[in-house]
Amino acid sequence: MGNSLRYVAVEPSEKEVEKFKALVESKKMEGHWSNATFDFHPITVQQYLLDARKTEERQHFDIISCPESAYFFTDAGEVFAELYQLLNKGGILLNTMCGGAWEQLTIEVAKYFPSKTVALPGSSTLREILQKRLPEVDFQVVTREYSLDVGECFQEGSRVGNMLLDFFVQILDFRKDAPKEVVDKIMAFMDENCSRTADGKRNFVVCEEDIIISRKH
């Protein structure tokens, strides 16, 4: 029969929760996941943790996975410290975050446009937070690197390049509406800190990192 599995899904989007419920039902009708029970919570992780504090017996887990979620935490350090406390001995906490050029660029752009965009905390920011909040914990980092040809972003008359640039800085019509001196500074930053030239192409380099935290005690 095998061991039973309990899956607690915490997701604030009710639409996504309903999609996952439908997937579970279809899998069970196909004869899969018969040894698993599912507990759905259409709330934020912060609300789940707040509710958990009020219970006499808090649930603990062997695996907690929260990919690409720390961007939305008001206090990522507090959330991860509390999630860590919900791990069983030998359990692991998994998180995936963007890093590299994407993280650096959002931080740089937010210096000039604090009301239009935000500096997204990336993997390096999260690692610094974890080292401060959980100094006794060892964690492993697995990095994957990707690149995208952004040569056209440096061509002022390129429609595709300007659309790409808007995407990277998260500001519509950036080159047209932003002060020229700011545009020049951002482009210089992209060139010097976020790009790599290879085979005659200027590539925007971004990495994705899995941060794996293990609870040994």
# chains A, B, ... in the order shown; residues from 1 in each chain; ligands from 1

$ residues_around --residues "Leu87 in chain A" --least-positions-apart "3" --cutoff "12 Å" --atoms "only C-alpha atoms" --output "ChimeraX atom specification"
/A:58-65,80-84,90-94,213-217

$ residues_around --residues "range 11-24 of chain A" --least-positions-apart "2" --cutoff "8 Å" --atoms "only C-alpha atoms" --output "PyMOL selection string"
chain A and resi 9+26-28+33+40-45

$ closest_residue --among "A:Gln85, A:Val10, A:Val79, A:Gln104" --to "Tyr48 in chain A" --atoms "only C-alpha atoms"
A:Val10

$ closest_atom_pairs --of "range 96-152 of chain A" --to "range 161-178 of chain A" --cutoff "12 Å" --atoms "only C-alpha atoms" --output "Markdown table"
| residue | atom | partner | partner_atom | distance |
| --- | --- | --- | --- | --- |
| A:Ala101 | CA | A:Phe168 | CA | 10.0 |
| A:Trp102 | CA | A:Phe168 | CA | 7.7 |
| A:Glu103 | CA | A:Phe168 | CA | 10.5 |
| A:Gln104 | CA | A:Val169 | CA | 10.9 |
| A:Leu105 | CA | A:Val169 | CA | 7.3 |
| A:Thr106 | CA | A:Val169 | CA | 6.6 |
| A:Ile107 | CA | A:Val169 | CA | 9.9 |
| A:Glu108 | CA | A:Val169 | CA | 9.3 |
| A:Val109 | CA | A:Val169 | CA | 6.5 |
| A:Ala110 | CA | A:Val169 | CA | 8.9 |
| A:Lys111 | CA | A:Val169 | CA | 11.7 |
| A:Tyr112 | CA | A:Ala178 | CA | 9.8 |
| A:Phe113 | CA | A:Ile171 | CA | 9.1 |
| A:Pro114 | CA | A:Ile171 | CA | 11.4 |
| A:Ser115 | CA | A:Ile171 | CA | 10.9 |
| A:Lys116 | CA | A:Ile171 | CA | 7.2 |
| A:Thr117 | CA | A:Gln170 | CA | 6.7 |
| A:Val118 | CA | A:Gln170 | CA | 9.1 |
| A:Ala119 | CA | A:Val169 | CA | 10.3 |
| A:Leu120 | CA | A:Gln170 | CA | 11.2 |
| A:Leu148 | CA | A:Leu164 | CA | 10.4 |
| A:Asp149 | CA | A:Gly161 | CA | 10.1 |
| A:Val150 | CA | A:Gly161 | CA | 7.2 |
| A:Gly151 | CA | A:Gly161 | CA | 7.6 |
| A:Glu152 | CA | A:Gly161 | CA | 4.3 |

$ write_last_selection --atoms "N, CA and C atoms" --output "PDB file, in the first residue's frame"
ATOM      1  N   ALA A 101      21.590  39.339 -13.091  1.00  0.00           N
ATOM      2  CA  ALA A 101      21.304  40.612 -13.750  1.00  0.00           C
ATOM      3  C   ALA A 101      19.890  41.116 -13.464  1.00  0.00           C
ATOM      4  N   TRP A 102      18.927  40.213 -13.405  1.00  0.00           N
ATOM      5  CA  TRP A 102      17.540  40.648 -13.182  1.00  0.00           C
ATOM      6  C   TRP A 102      17.403  41.332 -11.828  1.00  0.00           C
ATOM      7  N   GLU A 103      17.962  40.736 -10.812  1.00  0.00           N
ATOM      8  CA  GLU A 103      17.907  41.315  -9.477  1.00  0.00           C
ATOM      9  C   GLU A 103      18.655  42.650  -9.444  1.00  0.00           C
ATOM     10  N   GLN A 104      19.842  42.699 -10.014  1.00  0.00           N
ATOM     11  CA  GLN A 104      20.643  43.923 -10.010  1.00  0.00           C
ATOM     12  C   GLN A 104      19.932  45.069 -10.722  1.00  0.00           C
ATOM     13  N   LEU A 105      19.311  44.756 -11.873  1.00  0.00           N
ATOM     14  CA  LEU A 105      18.660  45.802 -12.663  1.00  0.00           C
ATOM     15  C   LEU A 105      17.436  46.365 -11.950  1.00  0.00           C
ATOM     16  N   THR A 106      16.619  45.510 -11.334  1.00  0.00           N
ATOM     17  CA  THR A 106      15.430  46.025 -10.641  1.00  0.00           C
ATOM     18  C   THR A 106      15.828  46.939  -9.481  1.00  0.00           C
ATOM     19  N   ILE A 107      16.909  46.596  -8.804  1.00  0.00           N
ATOM     20  CA  ILE A 107      17.385  47.437  -7.705  1.00  0.00           C
ATOM     21  C   ILE A 107      17.857  48.790  -8.233  1.00  0.00           C
ATOM     22  N   GLU A 108      18.573  48.777  -9.353  1.00  0.00           N
ATOM     23  CA  GLU A 108      19.091  50.014  -9.939  1.00  0.00           C
ATOM     24  C   GLU A 108      17.958  50.904 -10.449  1.00  0.00           C
ATOM     25  N   VAL A 109      16.987  50.324 -11.157  1.00  0.00           N
ATOM     26  CA  VAL A 109      15.876  51.105 -11.714  1.00  0.00           C
ATOM     27  C   VAL A 109      15.046  51.719 -10.592  1.00  0.00           C
ATOM     28  N   ALA A 110      14.838  50.987  -9.505  1.00  0.00           N
ATOM     29  CA  ALA A 110      14.027  51.491  -8.392  1.00  0.00           C
ATOM     30  C   ALA A 110      14.648  52.715  -7.736  1.00  0.00           C
ATOM     31  N   LYS A 111      15.952  52.912  -7.870  1.00  0.00           N
ATOM     32  CA  LYS A 111      16.603  54.101  -7.319  1.00  0.00           C
ATOM     33  C   LYS A 111      16.077  55.367  -7.991  1.00  0.00           C
ATOM     34  N   TYR A 112      15.778  55.269  -9.288  1.00  0.00           N
ATOM     35  CA  TYR A 112      15.335  56.429 -10.062  1.00  0.00           C
ATOM     36  C   TYR A 112      13.811  56.550 -10.119  1.00  0.00           C
ATOM     37  N   PHE A 113      13.098  55.425  -9.983  1.00  0.00           N
ATOM     38  CA  PHE A 113      11.635  55.441 -10.114  1.00  0.00           C
ATOM     39  C   PHE A 113      10.987  54.691  -8.945  1.00  0.00           C
ATOM     40  N   PRO A 114      11.149  55.170  -7.718  1.00  0.00           N
ATOM     41  CA  PRO A 114      10.599  54.445  -6.559  1.00  0.00           C
ATOM     42  C   PRO A 114       9.079  54.348  -6.557  1.00  0.00           C
ATOM     43  N   SER A 115       8.418  55.252  -7.260  1.00  0.00           N
ATOM     44  CA  SER A 115       6.949  55.221  -7.263  1.00  0.00           C
ATOM     45  C   SER A 115       6.389  54.370  -8.401  1.00  0.00           C
ATOM     46  N   LYS A 116       7.229  54.009  -9.367  1.00  0.00           N
ATOM     47  CA  LYS A 116       6.743  53.271 -10.533  1.00  0.00           C
ATOM     48  C   LYS A 116       7.116  51.797 -10.512  1.00  0.00           C
ATOM     49  N   THR A 117       8.186  51.463  -9.832  1.00  0.00           N
ATOM     50  CA  THR A 117       8.642  50.083  -9.835  1.00  0.00           C
ATOM     51  C   THR A 117       9.222  49.752  -8.468  1.00  0.00           C
ATOM     52  N   VAL A 118       9.492  48.481  -8.249  1.00  0.00           N
ATOM     53  CA  VAL A 118      10.045  48.051  -6.965  1.00  0.00           C
ATOM     54  C   VAL A 118      11.309  47.244  -7.200  1.00  0.00           C
ATOM     55  N   ALA A 119      12.191  47.284  -6.224  1.00  0.00           N
ATOM     56  CA  ALA A 119      13.402  46.472  -6.286  1.00  0.00           C
ATOM     57  C   ALA A 119      13.047  45.074  -5.795  1.00  0.00           C
ATOM     58  N   LEU A 120      13.013  44.122  -6.709  1.00  0.00           N
ATOM     59  CA  LEU A 120      12.635  42.767  -6.333  1.00  0.00           C
ATOM     60  C   LEU A 120      13.778  42.090  -5.592  1.00  0.00           C
ATOM     61  N   LEU A 148      19.776  36.028 -22.737  1.00  0.00           N
ATOM     62  CA  LEU A 148      18.880  36.492 -23.793  1.00  0.00           C
ATOM     63  C   LEU A 148      19.571  37.582 -24.581  1.00  0.00           C
ATOM     64  N   ASP A 149      19.517  37.469 -25.898  1.00  0.00           N
ATOM     65  CA  ASP A 149      20.135  38.469 -26.773  1.00  0.00           C
ATOM     66  C   ASP A 149      19.365  39.790 -26.638  1.00  0.00           C
ATOM     67  N   VAL A 150      20.046  40.818 -26.125  1.00  0.00           N
ATOM     68  CA  VAL A 150      19.402  42.115 -25.911  1.00  0.00           C
ATOM     69  C   VAL A 150      20.051  43.217 -26.755  1.00  0.00           C
ATOM     70  N   GLY A 151      20.719  42.801 -27.806  1.00  0.00           N
ATOM     71  CA  GLY A 151      21.398  43.784 -28.648  1.00  0.00           C
ATOM     72  C   GLY A 151      20.483  44.883 -29.141  1.00  0.00           C
ATOM     73  N   GLU A 152      19.233  44.528 -29.469  1.00  0.00           N
ATOM     74  CA  GLU A 152      18.303  45.523 -30.007  1.00  0.00           C
ATOM     75  C   GLU A 152      17.880  46.546 -28.959  1.00  0.00           C
TER      76      GLU A 152
END

$ closest_residue --among "A:Phe189, A:Phe154, A:Phe139, A:Tyr7" --to "Asp210 in chain A" --atoms "only C-alpha atoms"
A:Phe139

$ closest_residue --among "A:Met29, A:Thr197, A:Asp39, A:Tyr71" --to "Leu5 in chain A" --atoms "only C-alpha atoms"
A:Asp39

$ select_by_dssp --residues "range 91-149 of chain A" --states "strand (DSSP E or B)" --output "list in words"
Gly91, Ile92, Leu93, Leu94, Asn95, Thr96, Met97, Cys98, Gly99, Gly100, Phe139, Gln140, Val141, Val142, Thr143, Arg144, Glu145, Tyr146, Ser147, Leu148 and Asp149 of chain A

$ select_by_dssp --residues "range 8-217 of chain A" --states "helix (DSSP H, G or I)" --output "MDAnalysis selection string"
chainID A and resid 14:29 45:53 70:72 76:85 101:112 123:133 151:154 159:169 174:177 180:194

$ atom_distance --atom1 "CA of Ser123 in chain A" --atom2 "CA of Ala198 in chain A"
25.0 Å

$ closest_residue --among "A:Val205, A:Glu68, A:Lys180, A:Ile211" --to "Glu192 in chain A" --atoms "only C-alpha atoms"
A:Val205

$ closest_residue --among "A:Leu49, A:Val183, A:Val142, A:Ala36" --to "Met97 in chain A" --atoms "only C-alpha atoms"
A:Val142

$ atom_distance --atom1 "CA of Arg133 in chain A" --atom2 "CA of Glu56 in chain A"
25.1 Å
